[in-house]
>>> print(open('upload.txt').read())   # compact mmCIF, C-alpha atoms
# COMPACT_ATOMS: atom_id res chain seq x y z
CA MET X 1 51.37 -8.93 32.78
CA GLY X 2 52.99 -6.39 34.99
CA LYS X 3 52.01 -3.15 33.25
CA PHE X 4 50.63 -0.35 35.40
CA ILE X 5 48.81 2.85 34.60
CA LEU X 6 48.63 5.34 37.44
CA THR X 7 46.29 8.25 36.97
CA GLY X 8 45.33 11.22 39.04
CA SER X 9 41.77 12.32 39.59
CA GLN X 10 41.23 12.59 35.82
CA ASN X 11 40.21 8.96 35.31
CA PHE X 12 36.45 9.29 34.89
CA LEU X 13 36.32 8.37 31.24
CA LEU X 14 39.49 6.26 31.14
CA LEU X 15 37.75 2.88 30.80
CA GLU X 16 35.27 4.27 28.26
CA LYS X 17 38.13 5.18 25.90
CA ILE X 18 39.63 1.67 25.94
CA THR X 19 38.25 -0.26 22.99
CA GLN X 20 38.87 -3.79 24.30
CA SER X 21 37.08 -5.61 27.08
CA LEU X 22 39.56 -6.00 29.88
CA ALA X 23 37.37 -8.34 31.94
CA GLY X 24 39.58 -10.53 34.09
CA ARG X 25 42.75 -8.73 32.98
CA VAL X 26 42.56 -5.45 34.85
CA ALA X 27 42.23 -4.26 38.43
CA VAL X 28 41.15 -0.75 39.34
CA LEU X 29 42.42 0.42 42.70
CA HIS X 30 41.36 3.65 44.35
CA LEU X 31 44.16 5.30 46.32
CA LEU X 32 42.64 7.65 48.85
CA PRO X 33 44.47 10.53 50.55
CA PHE X 34 46.73 9.75 53.50
CA GLY X 35 45.23 8.40 56.69
CA LEU X 36 46.20 9.87 60.06
CA CYS X 37 48.37 6.87 60.92
CA GLU X 38 50.21 7.20 57.59
CA LEU X 39 50.90 10.88 58.25
CA GLU X 40 52.18 10.09 61.75
CA GLN X 41 54.42 7.29 60.43
CA ALA X 42 55.91 9.75 57.93
CA GLY X 43 56.59 12.27 60.72
CA HIS X 44 53.79 14.68 59.87
CA THR X 45 51.91 15.17 63.11
CA GLN X 46 49.37 17.94 63.48
CA GLU X 47 48.76 19.98 66.59
CA SER X 48 44.98 19.92 66.52
CA LEU X 49 41.92 18.51 64.81
CA ASP X 50 41.23 21.95 63.33
CA LYS X 51 44.69 21.97 61.70
CA ILE X 52 44.14 18.45 60.32
CA LEU X 53 40.77 19.43 58.86
CA PHE X 54 42.16 22.65 57.40
CA THR X 55 45.22 21.01 55.84
CA GLY X 56 43.59 17.83 54.53
CA SER X 57 45.61 14.80 53.57
CA TYR X 58 46.44 14.99 49.89
CA PRO X 59 49.99 13.70 49.35
CA VAL X 60 51.15 16.75 47.38
CA LEU X 61 50.66 18.98 50.43
CA TYR X 62 53.21 16.96 52.39
CA ASP X 63 55.49 15.89 49.54
CA ARG X 64 56.12 19.42 48.30
CA ASN X 65 55.38 21.43 51.46
CA ILE X 66 52.59 23.41 49.78
CA GLU X 67 50.39 25.54 51.99
CA PRO X 68 46.70 24.52 51.85
CA GLN X 69 45.56 28.08 51.11
CA ASP X 70 47.82 28.04 48.03
CA TYR X 71 46.88 24.54 46.84
CA TYR X 72 43.13 24.21 47.26
CA PRO X 73 41.88 27.23 45.26
CA SER X 74 43.76 25.97 42.18
CA TYR X 75 42.65 22.41 42.85
CA ILE X 76 38.99 23.43 43.04
CA GLN X 77 39.26 25.60 39.92
CA THR X 78 40.83 22.87 37.80
CA TYR X 79 38.51 20.25 39.30
CA ILE X 80 35.45 22.26 38.32
CA GLU X 81 36.70 23.37 34.92
CA ARG X 82 38.06 19.98 33.78
CA ASP X 83 36.86 17.01 35.81
CA VAL X 84 33.29 18.13 36.45
CA ARG X 85 32.78 19.19 32.85
CA SER X 86 34.02 15.78 31.64
CA ILE X 87 31.30 14.06 33.72
CA LYS X 88 28.38 16.41 33.33
CA ASN X 89 27.82 19.63 31.47
CA ILE X 90 27.00 22.08 34.23
CA GLY X 91 25.79 25.38 32.88
CA ASN X 92 26.46 27.65 35.85
CA LEU X 93 29.89 26.85 37.28
CA SER X 94 29.68 29.58 39.92
CA THR X 95 26.55 27.93 41.35
CA PHE X 96 28.38 24.60 41.39
CA GLN X 97 31.30 26.23 43.20
CA ARG X 98 28.90 27.65 45.81
CA PHE X 99 27.39 24.16 46.05
CA ILE X 100 30.81 22.73 46.95
CA LYS X 101 31.24 25.37 49.66
CA LEU X 102 27.80 24.63 51.10
CA CYS X 103 28.63 20.92 51.19
CA ALA X 104 31.94 21.65 52.92
CA GLY X 105 30.10 23.66 55.55
CA ARG X 106 27.87 20.67 56.25
CA THR X 107 30.67 18.18 56.84
CA GLY X 108 29.66 15.56 59.39
CA GLN X 109 25.98 16.54 59.34
CA LEU X 110 22.84 14.95 57.99
CA ILE X 111 22.40 16.06 54.40
CA ASN X 112 19.21 17.75 53.29
CA PHE X 113 19.05 18.10 49.51
CA SER X 114 16.06 20.46 49.63
CA SER X 115 17.80 22.82 52.07
CA ILE X 116 20.91 23.04 49.89
CA GLY X 117 18.78 23.48 46.79
CA ASN X 118 16.78 26.30 48.40
CA GLU X 119 19.97 28.18 49.29
CA LEU X 120 21.24 27.87 45.71
CA GLY X 121 17.96 28.31 43.85
CA ILE X 122 18.07 24.81 42.33
CA ASN X 123 15.88 21.76 42.93
CA TYR X 124 16.72 18.74 45.08
CA LYS X 125 17.16 16.53 41.97
CA THR X 126 20.00 18.77 40.79
CA VAL X 127 21.55 18.63 44.27
CA SER X 128 21.32 14.83 44.19
CA SER X 129 22.95 14.74 40.76
CA TRP X 130 25.74 17.07 41.84
CA ILE X 131 26.34 15.04 45.03
CA SER X 132 26.81 11.96 42.85
CA ILE X 133 29.49 13.87 40.87
CA LEU X 134 31.30 14.70 44.11
CA GLU X 135 31.07 11.06 45.17
CA ALA X 136 32.34 9.75 41.82
CA SER X 137 35.36 12.04 42.04
CA PHE X 138 36.07 11.19 45.70
CA ILE X 139 35.49 14.75 46.89
CA VAL X 140 32.80 13.57 49.32
CA TYR X 141 31.97 10.30 50.96
CA LEU X 142 28.40 9.81 52.07
CA LEU X 143 28.21 7.69 55.19
CA LYS X 144 24.97 5.77 54.88
CA PRO X 145 23.02 4.93 58.05
CA HIS X 146 23.23 1.31 59.12
>>> encode(input="upload.txt", output="structure tokens")
Amino acid sequence: MGKFILTGSQNFLLLEKITQSLAGRVAVLHLLPFGLCELEQAGHTQESLDKILFTGSYPVLYDRNIEPQDYYPSYIQTYIERDVRSIKNIGNLSTFQRFIKLCAGRTGQLINFSSIGNELGINYKTVSSWISILEASFIVYLLKPH
């Protein structure tokens, strides 16, 4: 009792590599990026909604004073080259990178898998599969209609 393992985003296959059943002896907690109230409590207030959206709320940006334009390109590159490949073997990584950008441009909108697929030259089933990868890695959150 009392042992903790904290991992970053690279935890997709963590439970698969453990040989014992940990039923009843383990808890998996998902720590999401900072909320707006947490940032305000820590003294990090933003001037505008645009600045909040541009900066994001990953702890490292505030802990180490890293500029978003310096952090995110490396984050996306390592995310695609390591994390995505550990989940699913994607043949064309540049198409997947364009897919991420198209999804980012559709933030807060209804999602149309066929429209995204048409822009990328892939089918809607591939888009659906790739969306599930983004969901599993907490890059996107799909808000389902009530």
>>> closest_residue(input="upload.txt", among="X:Ala42, X:Val26, X:Gln69, X:Leu120", to="X:Asn92", atoms="all atoms listed in the file")
X:Leu120
>>> atom_distance(input="upload.txt", atom1="atom CA of X:Leu36", atom2="atom CA of X:Trp130")
28.3 Å
>>> closest_residue(input="upload.txt", among="X:Tyr141, X:Phe34, X:Phe96, X:Tyr75", to="X:Asp63", atoms="all atoms listed in the file")
X:Phe34
>>> residues_around(input="upload.txt", residues="X:Arg85", least_positions_apart="4", cutoff="12 Å", atoms="all atoms listed in the file", output="list in words")
Gln10, Phe12, Leu13, Gln77, Thr78, Tyr79, Ile80, Glu81, Asn89, Ile90, Gly91, Asn92, Leu93, Phe96, Trp130, Ile133 and Ser137 of chain X
>>> closest_residue(input="upload.txt", among="X:Ile100, X:Ser114, X:His44, X:Ser94", to="X:Asn65", atoms="all atoms listed in the file")
X:His44
>>> atom_distance(input="upload.txt", atom1="atom CA of X:His30", atom2="atom CA of X:Asp50")
26.4 Å
>>> atom_distance(input="upload.txt", atom1="atom CA of X:Ala104", atom2="atom CA of X:Val140")
8.9 Å
>>> closest_residue(input="upload.txt", among="X:Gly117, X:Leu110, X:Leu53, X:Glu67", to="X:Pro145", atoms="all atoms listed in the file")
X:Leu110
>>> residues_near_point(input="upload.txt", point="(43.2, 14.3, 56.0)", cutoff="12 Å", atoms="only C-alpha atoms", output="PyMOL selection string")
chain X and resi 32-40+44-46+49-62+68+139
>>> closest_residue(input="upload.txt", among="X:Val28, X:Arg98, X:Ile66, X:Gly105", to="X:Gly121", atoms="only C-alpha atoms")
X:Arg98
>>> build_atoms(input="upload.txt", residues="stretch 93-106 of chain X", atoms="N, CA and C atoms", output="short mmCIF file (atom, residue, chain, number, x, y, z; two decimals), in the coordinates of the input")
data_model
loop_
_atom_site.label_atom_id
_atom_site.label_comp_id
_atom_site.auth_asym_id
_atom_site.auth_seq_id
_atom_site.Cartn_x
_atom_site.Cartn_y
_atom_site.Cartn_z
N LEU X 93 28.78 27.35 36.46
CA LEU X 93 29.89 26.85 37.28
C LEU X 93 30.01 27.59 38.60
N SER X 94 29.60 28.85 38.65
CA SER X 94 29.68 29.58 39.92
C SER X 94 28.68 29.01 40.92
N THR X 95 27.51 28.57 40.46
CA THR X 95 26.55 27.93 41.35
C THR X 95 27.11 26.60 41.85
N PHE X 96 27.77 25.86 40.97
CA PHE X 96 28.38 24.60 41.39
C PHE X 96 29.48 24.85 42.41
N GLN X 97 30.25 25.90 42.24
CA GLN X 97 31.30 26.23 43.20
C GLN X 97 30.69 26.60 44.55
N ARG X 98 29.60 27.35 44.56
CA ARG X 98 28.90 27.65 45.81
C ARG X 98 28.34 26.37 46.43
N PHE X 99 27.88 25.45 45.59
CA PHE X 99 27.39 24.16 46.05
C PHE X 99 28.48 23.41 46.81
N ILE X 100 29.69 23.40 46.28
CA ILE X 100 30.81 22.73 46.95
C ILE X 100 31.06 23.36 48.32
N LYS X 101 31.02 24.68 48.38
CA LYS X 101 31.24 25.37 49.66
C LYS X 101 30.14 25.04 50.66
N LEU X 102 28.90 24.99 50.21
CA LEU X 102 27.80 24.63 51.10
C LEU X 102 27.97 23.21 51.63
N CYS X 103 28.39 22.30 50.76
CA CYS X 103 28.63 20.92 51.19
C CYS X 103 29.77 20.86 52.21
N ALA X 104 30.81 21.63 51.98
CA ALA X 104 31.94 21.65 52.92
C ALA X 104 31.50 22.16 54.29
N GLY X 105 30.61 23.12 54.29
CA GLY X 105 30.10 23.66 55.55
C GLY X 105 29.20 22.69 56.30
N ARG X 106 28.75 21.67 55.63
CA ARG X 106 27.87 20.67 56.25
C ARG X 106 28.59 19.36 56.55
#
